[in-house]
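Visitor: My questions all concern the structure below.
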Amino acid sequence: MNGTTLFRIVLTVLVALWATTEITPTRDTPFEEYITERVTDNRDQFQDLVSRAHALVEEHRGVPNSPYPTLYVAMLNIANDELIDLSEFFADINIQDIRNIPRKNRILMTELLRRSKGKIRLGLDLNGGVAITFKVDESGLESDMFYRSQQLEDARLVILQRVDGLGVAEPVVRVRGDNQIEVQMPGVNTADNPDIAETIGAPALLEFKLVHRTETPQEGRSAPLGYQRLVQEYEDPETGDILEDPVFVRRIPVMTGDIIDRARPTLTQTGGYEVTMDFTSEGRNQFAEVTGQIAAGNTDFNIGRLAIVLDGRLVSAPTVRERINSDSARITGNFSQREAFELANALNNPLAVALEVAELYEVGPTLARDARDASIKAGVWAAGIIIVFMIFYYGMAGLVAMAAVLLNVFLVMGALAGFGATLTLPGVAALVLTIGMGVDACILIFERIREEIQAGKSMRNAVTAGFDKALSTIVDANVTTLLTALILVWLGTGPVQGFGITLAIGILSTLFCSLIAMRWIMDLVCGLSFFKNPFKFQLFKNTNFQFLNYARRAFMVSWAIVVVGIFSFIMHFDQAFGIDFTGGDEIAVGFEQRLTSQEVDAIAAEQELGEVNIFFQRPLGSEQEVMNVQSAPGMGDTVFQALSAAFPDANLEKLGETQIGAAVGKDVTRSAILSVLIALLGILLYIAVRFEFGFGLGAVVATVHDVLLTVGVFIFLGEFIGLGSGQFTAPMIAAVLMTVGYSINDTIVVFDRIREELELNPTMTLKKVIHLSINRVLNRTVLTSMTTLFAATVLYLFGAGVIRDFALVFMIGILTGTFSSMFIASPVFFWYHKGDRRSVEKGEILPSYDWTTPENQMAKEKLD
């Protein structure tokens, strides 16, 4: 064993160990079970607290907006009401530096909840829950992007506080774009919380309250009558520690945020920061009256304070030393720039008006469970079919390849867990397709090894040469696919972005497993006796198909199909796009009696519900068929109620809901077009740089052909044959870009071989070189198409929801990509250079050869 092989083994083991530590535990531990096992001190007292919390949860079960929806919330409420320090039960978690008990309890319980969860986070489409995207009113946002980002961050914190108050475990609240805030709430449903969007997006309440002059909060001291205990948190300017200032503030406010016209941070003469408030005309009078009353009670030892409270959170409590009767007032202090901005934003009230619901997406627990089960089934079947095929075709080498592919999947899951990424339903699709496409690298290497063996090399030398010669092809093919994945991460949102992340990780993992892990395994098994003469079975042997002879006819037929597809798309343009693009409501409905489109149209016309479309989906093996009902924006619930009342025997049940505003639909459309255009441009530039412009042109023409043909056939199948919905949604963009990636992958393999054969055969015509190259990679092309098609077919048969459409688009893309690499890309490259290899050689990617007769060549050598 040489040093290089040992290095590869050690590196593989270290990476596998890293993935193991990141991925475990894989499953959630019930919260009660986890905290009961984790408690270190006062176990009996802690168990009593858990029992009391359980009793409150049961007592309030079914109560709308219950203050005790879960054990987690109930325990926090009891502990905070009775000032019980929960950290005393968990001595091994060091948070004793935090003095505020409610804050300490919240941090502790959040950490315990996080530790009880499995490392693999499931998206709402696999776990159930509600996702809402709020749009912030542009009139309340600054045009300067720095100030705007501060405003959005303050608004995000207000929303996060509201979501925490609902007792949602592991919510995600994040800013999206320059005027949107996305909220994801696992385990929540609109049936139990019908007003959840309005509750979270309601205007924030900015209030000014009096601070008690003499009483200060101390351990064991309750708040005076009419007052409540609030805590202001601020950062120590010297140490950076978070300090707390607890005070008693009057429950009834003396003023509201209506008195503020505008607040802004300003620089002082000494270079520090202060906050200036401009009042409304009525606000000036109110502020003068309140500050006058406070100042009148001041003494040398007691200065009154006025608390600023935003949505129940104490933002600041500055002192009031005199009556302030002017158009503006200043809040001075030892502010940092960030603290001044935060206080000014709070005074401007980041949520002064209600937020607009731009998008609402709900997956019920039943639908999520079915999607999760179907995804597991799809993964198992895809892996099983590909494993059987590879072992049947390649024997012992197939076992090696499958070990690399399974390691690939394991590393992808470990990376997702390690980076804190969320596995969504499109992410599962990317994972299953990673299995199929991961085999591509193995097949490339094996077919290269086969060629070296047929050339007379020993097994060990053939393995070395096979890996070396396949390296550039594998890298080039995966880099272009990685480009499409990064575009999805950049421009995609939600599940589509999750697909891009999973795919990108899968591509990088594929490179590692095929070039590092599989290499040392092949080196080790080369010495085994039963591995002396592998690769006996071959699908195509010594073929000599003249592909370019049929290129014009194939070109014309395929583009004719493209025209038919475009015509079909134009004819069904109104139904071709889902609500992701057009905006609207879509409700997933369970039923006992199937409804027809005519029945639904009749009810819609009778009750003037506008246009209502329905279509049905059922994954193979699922016990439940789902009816998807699409309607105009804001009409989803009305349509559902109308159908439920009109067809009571159908027992309609809402399983999930999606609401997308028209503005979001326009954004999705713009992102979709931009994604495809950037992918095509990036691919053209990459291939033109790595190969030559003619190669790049052929690749782009083939890719455009594949996209148009795939889209047209998909719509045709859905509208006229009933395969798929025939309707494009946001995840379909991921499928189209996957088609782009696969088409380029296949094309690059052919082009890479053409480039190699041009160098190895300097006297062969360009046409013969193209024929030779395509025939030599024919086994790889067909085998990769078969394995990837296996994975996509399994996704179509067992996939859930939109994933079936995704899989259908990709199945069509695989077939068109395989066809175009032979009958579109290569002919365009050939025609561009007018069949002259010297035109290719001018691209300076190859040594330049003179086309001479043997006699002229001998004469030239004599002159040299």
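Letters for chains follow the order of the structure tokens (A, B, ...), residue numbers begin at 1 for each chain, and ligand numbers begin at 1 in the order shown.
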Just the residues within 7 Å of Phe134 (chain A), please, counting only C-alpha atoms, with nothing from its chain fewer than 5 positions along; format it as an MDAnalysis selection string.
Guide: chainID A and resid 180:182 355:358
Visitor: From a backbone DSSP assignment, name each residue in region 445-561 of chain A labelled helix (DSSP H, G or I), as a PyMOL selection string.
Guide: chain A and resi 445-454+459-491+494-525+529-531+547-561
Visitor: Taking the DSSP secondary structure from the backbone, can you list the residues of region 52-232 of chain A that are strand (DSSP E or B), as a PDB file with C-alpha atoms, in the first residue's frame?
Guide:
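Resulting contents of part-v2.pdb:
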```
ATOM      1  CA  ARG A 121     -34.363  18.878  10.259  1.00  0.00           C
ATOM      2  CA  LEU A 122     -37.439  18.221   8.140  1.00  0.00           C
ATOM      3  CA  GLY A 129     -46.900  23.214   9.730  1.00  0.00           C
ATOM      4  CA  VAL A 130     -47.565  26.706   8.445  1.00  0.00           C
ATOM      5  CA  ALA A 131     -45.281  29.095   6.564  1.00  0.00           C
ATOM      6  CA  ILE A 132     -46.274  32.730   6.059  1.00  0.00           C
ATOM      7  CA  THR A 133     -44.450  35.370   4.060  1.00  0.00           C
ATOM      8  CA  PHE A 134     -45.383  38.898   5.123  1.00  0.00           C
ATOM      9  CA  LYS A 135     -44.875  41.946   2.947  1.00  0.00           C
ATOM     10  CA  VAL A 172     -37.842  30.174  11.656  1.00  0.00           C
ATOM     11  CA  VAL A 173     -38.302  33.940  11.268  1.00  0.00           C
ATOM     12  CA  ARG A 174     -36.069  35.576   8.688  1.00  0.00           C
ATOM     13  CA  VAL A 175     -35.928  38.591   6.390  1.00  0.00           C
ATOM     14  CA  ARG A 176     -36.408  37.757   2.707  1.00  0.00           C
ATOM     15  CA  GLN A 180     -40.536  40.641   3.161  1.00  0.00           C
ATOM     16  CA  ILE A 181     -40.357  38.557   6.331  1.00  0.00           C
ATOM     17  CA  GLU A 182     -40.793  34.781   6.227  1.00  0.00           C
ATOM     18  CA  VAL A 183     -42.186  32.834   9.191  1.00  0.00           C
ATOM     19  CA  GLN A 184     -42.083  29.026   9.413  1.00  0.00           C
ATOM     20  CA  MET A 185     -43.951  27.328  12.262  1.00  0.00           C
ATOM     21  CA  PRO A 186     -43.640  23.515  12.459  1.00  0.00           C
ATOM     22  CA  LEU A 206     -45.864  51.427  21.006  1.00  0.00           C
ATOM     23  CA  GLU A 207     -46.637  52.811  24.460  1.00  0.00           C
ATOM     24  CA  PHE A 208     -45.121  55.221  26.969  1.00  0.00           C
ATOM     25  CA  LYS A 209     -45.554  54.191  30.624  1.00  0.00           C
ATOM     26  CA  LEU A 210     -44.574  55.636  33.968  1.00  0.00           C
ATOM     27  CA  VAL A 211     -41.846  53.909  35.967  1.00  0.00           C
ATOM     28  CA  TYR A 227     -47.749  47.885  37.926  1.00  0.00           C
ATOM     29  CA  GLN A 228     -45.898  45.103  36.126  1.00  0.00           C
ATOM     30  CA  ARG A 229     -42.300  43.979  36.087  1.00  0.00           C
ATOM     31  CA  LEU A 230     -40.373  44.608  32.840  1.00  0.00           C
ATOM     32  CA  VAL A 231     -36.675  44.200  32.100  1.00  0.00           C
ATOM     33  CA  GLN A 232     -34.549  46.351  29.847  1.00  0.00           C
TER      34      GLN A 232
END
```
Visitor: What lies within 12 Å of Phe301 (chain A) using only C-alpha atoms, ignoring chain neighbours under 5 positions off, as a list in words?
Guide: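 Here the answer would be Arg213, Thr214 and Arg321 of chain A.
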Visitor: Could you please take those selected residues and save N, CA, C and O atoms as a compact mmCIF listing (two decimals), in the first residue's frame?
Guide:
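What ended up in out01.txt:
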```txt
# COMPACT_ATOMS: atom_id res chain seq x y z
N ARG A 213 -41.48 55.22 41.09
CA ARG A 213 -40.37 56.04 41.58
C ARG A 213 -39.57 55.39 42.70
O ARG A 213 -38.35 55.58 42.78
N THR A 214 -40.22 54.63 43.55
CA THR A 214 -39.54 54.15 44.76
C THR A 214 -39.31 52.64 44.77
O THR A 214 -38.30 52.18 45.29
N ARG A 321 -36.00 65.05 33.41
CA ARG A 321 -35.53 66.03 34.38
C ARG A 321 -36.31 67.35 34.31
O ARG A 321 -36.25 68.16 35.23
```
Visitor: What's around Asn542 (chain A) at 10 Å? Count only C-alpha atoms, leave out sequence neighbours fewer than 6 positions away in its own chain, and write the answer as JSON, numbers by chain.
Guide: {"A": [772, 775, 776]}
